[in-house]
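Student: Input final.cif, format and content: mmCIF, C-alpha atoms.
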data_structure
#
loop_
_atom_site.label_atom_id
_atom_site.label_comp_id
_atom_site.auth_asym_id
_atom_site.auth_seq_id
_atom_site.Cartn_x
_atom_site.Cartn_y
_atom_site.Cartn_z
CA MET A 1474 -12.65 5.12 19.37
CA SER A 1475 -10.39 2.99 21.54
CA GLY A 1476 -12.46 -0.11 20.86
CA THR A 1477 -11.83 0.38 17.16
CA LEU A 1478 -8.16 1.19 17.30
CA ASN A 1479 -6.89 -1.46 19.69
CA ASN A 1480 -5.90 -5.08 19.11
CA ALA A 1481 -2.57 -6.75 18.96
CA SER A 1482 -1.81 -8.34 15.63
CA LEU A 1483 -2.94 -9.88 12.37
CA ARG A 1484 -3.21 -13.23 14.12
CA THR A 1485 -5.19 -12.19 17.19
CA GLY A 1486 -7.25 -9.34 15.83
CA ARG A 1487 -7.07 -6.01 14.10
CA SER A 1488 -5.56 -2.74 15.18
CA PHE A 1489 -6.62 0.32 13.22
CA ASP A 1490 -9.41 -1.46 11.37
CA LEU A 1491 -10.29 0.89 8.50
CA GLY A 1492 -13.48 -1.06 7.90
CA LYS A 1493 -14.75 0.14 11.27
CA MET A 1494 -13.32 3.67 11.34
CA ASN A 1495 -14.75 6.99 10.23
CA LEU A 1496 -12.90 9.89 8.58
CA ARG A 1497 -12.15 11.68 11.86
CA GLN A 1498 -10.64 8.53 13.33
CA LEU A 1499 -8.54 8.07 10.22
CA TRP A 1500 -7.13 11.58 10.50
CA ILE A 1501 -6.18 10.94 14.14
CA ALA A 1502 -4.58 7.59 13.32
CA TYR A 1503 -2.79 8.95 10.24
CA LEU A 1504 -1.38 12.09 11.86
CA THR A 1505 -0.10 10.18 14.90
CA TYR A 1506 1.20 7.09 13.10
CA PRO A 1507 4.99 6.68 13.64
CA THR A 1508 5.75 6.02 9.97
CA ILE A 1509 3.90 9.15 8.85
CA LEU A 1510 5.58 11.24 11.56
CA LEU A 1511 8.95 9.97 10.32
CA TYR A 1512 8.03 10.95 6.77
CA PHE A 1513 6.99 14.44 7.91
CA ALA A 1514 10.32 14.88 9.71
CA LEU A 1515 12.26 13.79 6.62
CA ILE A 1516 10.28 16.16 4.40
CA ILE A 1517 11.23 19.08 6.66
CA ALA A 1518 14.87 17.94 6.72
CA ASN A 1519 15.01 17.73 2.93
CA VAL A 1520 13.46 21.17 2.55
CA ALA A 1521 16.23 22.52 4.78
CA ILE A 1522 18.95 20.69 2.80
CA SER A 1523 17.48 21.87 -0.48
CA ALA A 1524 17.48 25.45 0.79
CA HIS A 1525 21.08 25.15 1.98
CA PHE A 1526 22.28 23.83 -1.39
CA PHE A 1527 19.70 25.83 -3.33
CA ALA A 1528 20.04 25.27 -7.08
CA GLY A 1529 17.54 27.91 -8.14
CA TRP A 1530 13.79 27.87 -8.48
CA LEU A 1531 13.75 26.56 -12.04
CA HIS A 1532 15.99 23.56 -11.36
CA THR A 1533 14.21 22.79 -8.09
CA LEU A 1534 10.80 22.95 -9.76
CA CYS A 1535 12.02 20.72 -12.60
CA ALA A 1536 13.27 18.15 -10.07
CA VAL A 1537 9.93 18.10 -8.25
CA VAL A 1538 7.91 17.84 -11.47
CA ALA A 1539 10.17 15.05 -12.76
CA VAL A 1540 9.51 13.05 -9.59
CA MET A 1541 5.76 13.68 -9.92
CA LEU A 1542 5.85 12.23 -13.44
CA VAL A 1543 8.12 9.27 -12.67
CA TYR A 1544 6.51 8.24 -9.37
CA PRO A 1545 3.25 6.69 -10.71
CA VAL A 1546 5.16 4.78 -13.39
CA VAL A 1547 7.63 3.33 -10.88
CA TRP A 1548 4.81 2.50 -8.46
CA TYR A 1549 2.91 0.71 -11.21
CA LEU A 1550 5.93 -1.36 -12.26
CA LEU A 1551 6.80 -2.32 -8.69
CA HIS A 1552 3.19 -3.06 -7.77
CA ARG A 1553 2.43 -5.18 -10.80
CA PHE A 1554 5.68 -7.01 -11.45
CA VAL A 1555 7.30 -7.22 -7.99
CA LEU A 1556 4.57 -7.10 -5.35
CA HIS A 1557 2.21 -9.22 -7.46
CA GLY A 1558 4.98 -11.33 -8.90
CA ARG A 1559 5.51 -14.91 -7.77
CA VAL A 1560 9.21 -14.83 -7.11
CA LEU A 1561 9.73 -13.27 -3.68
CA TYR A 1562 7.72 -15.86 -1.75
CA LYS A 1563 9.62 -18.71 -3.40
CA ILE A 1564 12.91 -17.58 -1.86
CA ARG A 1565 13.44 -17.97 1.87
CA ALA A 1566 15.47 -14.77 2.12
CA THR A 1567 12.74 -12.61 0.53
CA SER A 1568 9.60 -14.42 1.71
CA ALA A 1569 9.22 -12.32 4.88
CA LEU A 1570 9.67 -9.16 2.84
CA TRP A 1571 6.92 -10.15 0.39
CA LYS A 1572 4.63 -11.14 3.25
CA ARG A 1573 5.09 -7.80 4.99
CA ILE A 1574 4.98 -5.44 2.02
CA HIS A 1575 1.99 -6.90 0.17
CA PHE A 1576 0.66 -10.35 1.02
CA ASP A 1577 -0.59 -9.32 4.47
CA HIS A 1578 -2.34 -6.32 2.93
CA HIS A 1579 -4.29 -8.47 0.46
CA GLN A 1580 -5.06 -11.01 3.17
CA ASP A 1581 -6.71 -8.26 5.22
CA PRO A 1582 -7.14 -5.06 3.14
CA HIS A 1583 -8.63 -3.06 6.03
CA LEU A 1584 -5.67 -3.47 8.38
CA LEU A 1585 -3.83 -0.15 8.67
CA ASP A 1586 -0.76 -1.70 10.30
CA VAL A 1587 0.22 -3.46 7.06
CA LEU A 1588 -1.31 -0.96 4.64
CA PHE A 1589 1.55 1.45 5.32
CA GLY A 1590 4.79 0.30 3.83
CA SER A 1591 7.73 -0.21 6.16
CA PRO A 1592 10.20 2.72 6.06
CA LEU A 1593 12.98 0.13 5.81
CA THR A 1594 11.72 -0.72 2.31
CA THR A 1595 9.95 2.47 1.17
CA LEU A 1596 12.66 5.02 1.97
CA PRO A 1597 15.56 3.23 0.21
CA THR A 1598 13.32 2.69 -2.83
CA ILE A 1599 12.27 6.35 -2.94
CA ALA A 1600 15.89 7.43 -2.49
CA ILE A 1601 17.21 5.19 -5.27
CA ILE A 1602 14.66 6.58 -7.71
CA THR A 1603 14.53 10.27 -6.79
CA ILE A 1604 18.01 11.31 -5.64
CA PRO A 1605 19.75 10.54 -8.99
CA ILE A 1606 16.98 12.40 -10.85
CA GLY A 1607 17.47 15.47 -8.70
CA TYR A 1608 21.25 15.31 -8.86
CA MET A 1609 21.25 15.19 -12.67
CA ILE A 1610 19.01 18.24 -12.77
CA GLY A 1611 20.75 20.44 -10.21
CA GLY A 1612 23.14 18.75 -7.81
CA TRP A 1613 22.59 18.03 -4.14
CA GLY A 1614 20.04 20.78 -3.62
CA CYS A 1615 17.77 19.27 -6.25
CA SER A 1616 18.48 15.77 -4.93
CA ALA A 1617 17.07 16.81 -1.56
CA ALA A 1618 14.11 18.48 -3.25
CA ALA A 1619 13.43 15.35 -5.33
CA PHE A 1620 13.74 13.03 -2.32
CA GLY A 1621 11.46 15.28 -0.28
CA ALA A 1622 8.96 15.35 -3.16
CA GLY A 1623 9.01 11.56 -3.33
CA ILE A 1624 8.29 11.26 0.40
CA THR A 1625 5.53 13.87 0.13
CA ILE A 1626 3.87 11.96 -2.70
CA THR A 1627 4.17 8.79 -0.63
CA CYS A 1628 2.31 10.48 2.24
CA ILE A 1629 -0.44 11.53 -0.18
CA TYR A 1630 -0.60 8.02 -1.64
CA GLU A 1631 -0.81 6.49 1.82
CA PHE A 1632 -3.65 8.77 2.90
CA PHE A 1633 -5.74 8.12 -0.19
CA HIS A 1634 -4.95 4.43 0.10
CA CYS A 1635 -6.46 4.57 3.59
CA ILE A 1636 -9.53 6.37 2.20
CA GLN A 1637 -9.97 3.54 -0.30
CA HIS A 1638 -10.27 1.03 2.54
CA LEU A 1639 -12.14 3.27 4.96
CA ASN A 1640 -15.77 2.75 5.97
CA TYR A 1641 -16.60 6.09 4.39
CA LYS A 1642 -18.12 7.35 1.15
CA PRO A 1643 -16.17 10.34 -0.17
CA ARG A 1644 -18.17 13.38 -1.23
CA ALA A 1645 -16.05 14.14 -4.28
CA ALA A 1646 -16.99 12.09 -7.33
CA TRP A 1647 -13.36 11.67 -8.46
CA ILE A 1648 -12.39 10.18 -5.09
CA GLN A 1649 -15.40 7.86 -5.28
CA ARG A 1650 -14.21 6.61 -8.67
CA MET A 1651 -10.64 6.23 -7.45
CA LYS A 1652 -11.85 4.25 -4.45
CA ALA A 1653 -14.13 2.05 -6.57
CA TYR A 1654 -11.27 1.11 -8.92
CA HIS A 1655 -8.99 0.18 -6.03
CA VAL A 1656 -11.71 -1.84 -4.29
CA LEU A 1657 -12.01 -3.87 -7.51
CA HIS A 1658 -8.28 -4.60 -7.30
CA HIS A 1659 -8.71 -6.00 -3.78
CA PHE A 1660 -12.07 -7.71 -3.98
CA HIS A 1661 -12.62 -8.69 -7.62
CA ASP A 1662 -9.45 -9.17 -9.69
CA GLU A 1663 -5.99 -8.28 -8.40
CA ASP A 1664 -4.46 -8.44 -11.90
CA GLY A 1665 -5.59 -4.92 -12.77
CA ASN A 1666 -6.12 -1.39 -11.42
CA PHE A 1667 -2.64 -1.22 -9.90
CA GLY A 1668 -2.71 2.54 -9.43
CA ILE A 1669 -3.60 4.37 -6.23
CA THR A 1670 -4.48 7.97 -7.03
CA SER A 1671 -4.19 7.70 -10.81
CA TYR A 1672 -4.97 4.93 -13.28
CA VAL A 1673 -3.38 6.54 -16.34
CA VAL A 1674 -0.55 4.01 -16.43
CA ASP A 1675 -3.08 1.18 -16.04
CA ARG A 1676 -4.94 2.48 -19.09
CA VAL A 1677 -1.73 2.74 -21.10
CA MET A 1678 -0.58 -0.75 -20.06
CA GLY A 1679 -4.00 -2.35 -20.62
CA SER A 1680 -4.57 -3.39 -17.00
CA PHE A 1681 -7.40 -0.97 -16.22
CA TYR A 1682 -10.95 -2.26 -15.88
CA LEU A 1683 -14.01 -0.18 -15.12
CA ASP A 1684 -16.24 -2.50 -13.09
CA ALA A 1685 -16.87 -6.09 -12.01
CA LYS A 1686 -18.70 -6.82 -15.26
CA ALA A 1687 -15.53 -6.25 -17.25
CA ARG A 1688 -13.86 -9.51 -16.17
CA PRO A 1689 -14.58 -12.60 -14.03
CA ARG A 1690 -13.74 -12.62 -10.35
CA SER A 1691 -10.25 -13.89 -9.59
CA PRO A 1692 -9.97 -16.89 -7.26
CA THR A 1693 -6.60 -15.53 -6.05
CA VAL A 1694 -7.71 -11.98 -5.25
CA PHE A 1695 -6.95 -12.44 -1.53
CA ASN A 1696 -4.05 -14.91 -1.54
CA LEU A 1697 -2.21 -13.59 -4.65
CA GLY A 1698 -1.73 -17.15 -5.87
CA TYR A 1699 -0.11 -18.32 -2.65
CA ASP A 1700 -2.65 -21.07 -2.03
CA LEU A 1701 -2.30 -24.41 -0.24
CA GLN A 1702 -0.61 -26.00 -3.24
CA GLU A 1703 1.97 -23.22 -3.50
CA ALA A 1704 2.54 -23.35 0.26
CA LYS A 1705 3.46 -27.04 -0.02
CA HIS A 1706 6.21 -26.21 -2.51
CA TYR A 1707 7.26 -22.91 -0.93
CA PRO A 1708 6.39 -23.09 2.78
CA PHE A 1709 8.32 -20.02 3.95
CA VAL A 1710 5.40 -17.58 4.12
CA ARG A 1711 3.09 -20.14 5.68
CA ALA A 1712 5.69 -20.82 8.35
CA LEU A 1713 5.68 -17.11 9.16
CA THR A 1714 1.88 -16.81 9.26
CA GLY A 1715 1.37 -20.08 11.15
CA SER A 1716 -1.80 -20.84 9.21
CA PRO A 1717 -3.02 -21.43 5.65
CA SER A 1718 -3.68 -18.43 3.42
CA ARG A 1719 -7.14 -16.95 3.70
CA ASP A 1720 -9.36 -17.02 0.63
CA ARG A 1721 -11.13 -13.96 2.03
CA PRO A 1722 -10.46 -11.56 4.92
CA ASP A 1723 -12.07 -12.01 8.32
CA GLY A 1724 -14.42 -9.10 7.69
CA ALA A 1725 -15.87 -10.92 4.68
CA ARG A 1726 -16.86 -14.06 6.57
CA PRO A 1727 -20.57 -14.61 7.15
CA LYS A 1728 -21.78 -14.27 10.74
CA THR A 1729 -22.52 -17.99 11.00
CA GLU A 1730 -18.94 -18.82 10.02
CA LYS A 1731 -17.61 -16.27 12.52
CA ASN A 1732 -19.78 -17.73 15.24
CA ASP A 1733 -18.59 -21.25 14.46
CA SER A 1734 -14.99 -20.02 14.60
CA ASN A 1735 -15.60 -18.30 17.92
CA ARG A 1736 -17.17 -21.43 19.37
CA ARG A 1737 -14.19 -23.54 18.22
CA ASN A 1738 -11.75 -21.09 19.75
CA ALA A 1739 -13.71 -21.04 23.03
CA ALA A 1740 -13.69 -24.83 23.15
#
Now, as a test, write the supplied structure out as structure tokens.

Tutor:
Amino acid sequence: MSGTLNNASLRTGRSFDLGKMNLRQLWIAYLTYPTILLYFALIIANVAISAHFFAGWLHTLCAVVAVMLVYPVVWYLLHRFVLHGRVLYKIRATSALWKRIHFDHHQDPHLLDVLFGSPLTTLPTIAIITIPIGYMIGGWGCSAAAFGAGITITCIYEFFHCIQHLNYKPRAAWIQRMKAYHVLHHFHDEDGNFGITSYVVDRVMGSFYLDAKARPRSPTVFNLGYDLQEAKHYPFVRALTGSPSRDRPDGARPKTEKNDSNRRNAA
């Protein structure tokens, strides 16, 4: 397993390469990953706070259900209009943020290190959305319950997101379908199938597509539109990566191309 899970960075190699891992290795990586451990600790803390300021079972349940309903809508809007928008990379102050939270993931969809969102961006976002919902329903006790529910859903999202990039065929048919739709988002056309565990909002918003036959392959599926021309006008992300955007991840390169690259590096 160590040969699969070690390597330094996006530039020099892959650490936690989901394309080379099995389900057991994923469980080990997931349950020992610092971000996930932080989330688990915060879930426990919010359960304790919710119990201390307990607002009653009905209000607490309503807060949790409200977050469950709002979460996929908020994720869809952020994913489609912010992460896939073309504003953040044009601004120096937000270019590194866009690179970290989404560009790197599309450049190399199998890399676990950038698949997980940074807590510095995920936790404030979850808090801003969930805490007011809980407070309006039942005060601070429900706020903690709502925030804890949001973090719990994030953990579930992150695990299934890993499954969607894992070298593994799920046994359950519904997980197979979920994985197939997300793979289309990463390898066929990024302007659709924005959901992770559910594609209901995609269907409502008209961005869902069933298979590769439904639409032509996008030329920007890996670089999200940040190609050489865009990099000339907005060089901030390219300065951070130190190289031009990839039009496909390393794992997609033919062996002959890999061998040529290795020979050039050796020279």

Student: Give me, as a short mmCIF file (atom, residue, chain, number, x, y, z; two decimals) with C-alpha atoms, in the coordinates of the input, all polymer residues having an atom no more than 10 Å from Lys1642 in chain A, counting only C-alpha atoms and skipping those fewer than 4 positions away in the same chain.

Tutor:
data_model
loop_
_atom_site.label_atom_id
_atom_site.label_comp_id
_atom_site.auth_asym_id
_atom_site.auth_seq_id
_atom_site.Cartn_x
_atom_site.Cartn_y
_atom_site.Cartn_z
CA ASN A 1495 -14.75 6.99 10.23
CA LEU A 1496 -12.90 9.89 8.58
CA ILE A 1636 -9.53 6.37 2.20
CA GLN A 1637 -9.97 3.54 -0.30
CA ALA A 1646 -16.99 12.09 -7.33
CA ILE A 1648 -12.39 10.18 -5.09
CA GLN A 1649 -15.40 7.86 -5.28
CA LYS A 1652 -11.85 4.25 -4.45
#

Student: Using the chain letters and numbering of this document, enumerate as number ranges by chain the residues selected by the PyMOL selection byres ((chain A and resi 1500-1507) around 12).

Tutor: A: 1474-1475, 1477-1479, 1488-1491, 1494-1499, 1508-1514, 1585-1586, 1588-1592, 1628-1629, 1631-1636, 1639

Student: Would you kindly translate the PyMOL selection byres ((chain A and resi 1611) around 10) into the concrete residues it picks from this file, as a PyMOL selection string?

Tutor: chain A and resi 1526-1529+1531-1533+1535-1536+1606-1610+1612-1616+1618

Student: For the interface of range 1575-1625 of chain A with range 1659-1682 of chain A (cut-off 12 Å, counting all atoms listed in the file), please tabulate each contacting residue of range 1575-1625 of chain A alongside its nearest pair of atoms and their separation in Å to one decimal, rows sorted by chain and increasing number, as JSON lines.

Tutor:
{"residue": "A:His1575", "atom": "CA", "partner": "A:His1659", "partner_atom": "CA", "distance": 11.4}
{"residue": "A:Phe1576", "atom": "CA", "partner": "A:His1659", "partner_atom": "CA", "distance": 11.4}
{"residue": "A:His1578", "atom": "CA", "partner": "A:His1659", "partner_atom": "CA", "distance": 9.3}
{"residue": "A:His1579", "atom": "CA", "partner": "A:His1659", "partner_atom": "CA", "distance": 6.6}
{"residue": "A:Gln1580", "atom": "CA", "partner": "A:His1659", "partner_atom": "CA", "distance": 9.3}
{"residue": "A:Asp1581", "atom": "CA", "partner": "A:His1659", "partner_atom": "CA", "distance": 9.5}
{"residue": "A:Pro1582", "atom": "CA", "partner": "A:His1659", "partner_atom": "CA", "distance": 7.2}
{"residue": "A:His1583", "atom": "CA", "partner": "A:His1659", "partner_atom": "CA", "distance": 10.2}

Student: Hey, which of A:Ala1622, A:Val1656, A:Ala1687, A:Val1540 ends up closest to Val1520 in chain A? Count all atoms listed in the file.

Tutor: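 The answer is A:Ala1622, which sits nearest to Val1520 in chain A.
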
Student: Kindly indicate which residue among A:Leu1551, A:Ala1566, A:Leu1584, A:Val1546 lies nearest to Lys1493 in chain A, using only C-alpha atoms for the distances.

Tutor: A:Leu1584

Student: Write out as a ChimeraX atom specification the residues lying within 12 Å of Leu1701 in chain A, counting all atoms listed in the file and excluding same-chain residues fewer than 3 positions away.

Tutor: /A:1693,1696-1698,1704-1708,1710-1711,1716-1720

Student: Give, as JSON, the centre coordinates and the x, y and z edge lengths in Å to one decimal for an axis-aligned box around all listed atoms of range 1679-1685 of chain A, padded by 3 Å on each side.

Tutor:
{"center_x": -10.4, "center_y": -3.1, "center_z": -16.3, "size_x": 18.9, "size_y": 11.9, "size_z": 14.6}

Student: Between CA of Gly1623 in chain A and CA of Ile1601 in chain A, what is the spacing in Å?

Tutor: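 Answer for the CA of Ile1601 in chain A to CA of Gly1623 in chain A separation: 10.6 Å.
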
Student: Would you mind listing what lies within 6 Å of range 1552-1561 of chain A as a ChimeraX atom specification, with all atoms listed in the file counted and same-chain residues fewer than 5 positions away left out?

Tutor: /A:1567-1568,1571

Student: So what do you get for CA of Val1538 in chain A versus CA of Ile1574 in chain A, distance-wise?

Tutor: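 Between these atoms lies a distance of 27.1 Å.
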
Student: Which of these, A:Leu1515, A:Val1694, A:Ala1569, A:Leu1657, has the shortest distance to Leu1596 in chain A once you count only C-alpha atoms?

Tutor: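 Once distances to Leu1596 in chain A are computed over only C-alpha atoms, the minimum belongs to A:Leu1515.
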
Student: Separation of CA of Gly1715 in chain A and CA of His1655 in chain A, in Å?

Tutor: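 Taking CA of Gly1715 in chain A and CA of His1655 in chain A, their separation equals 28.5 Å.
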
Student: Name the closest residue to Ile1516 in chain A among the candidates A:Phe1620, A:Tyr1654, A:Phe1709, A:Tyr1699; distances are taken between atoms, counting only C-alpha atoms.

Tutor: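 The shortest atom-to-atom distance to Ile1516 in chain A comes from A:Phe1620.
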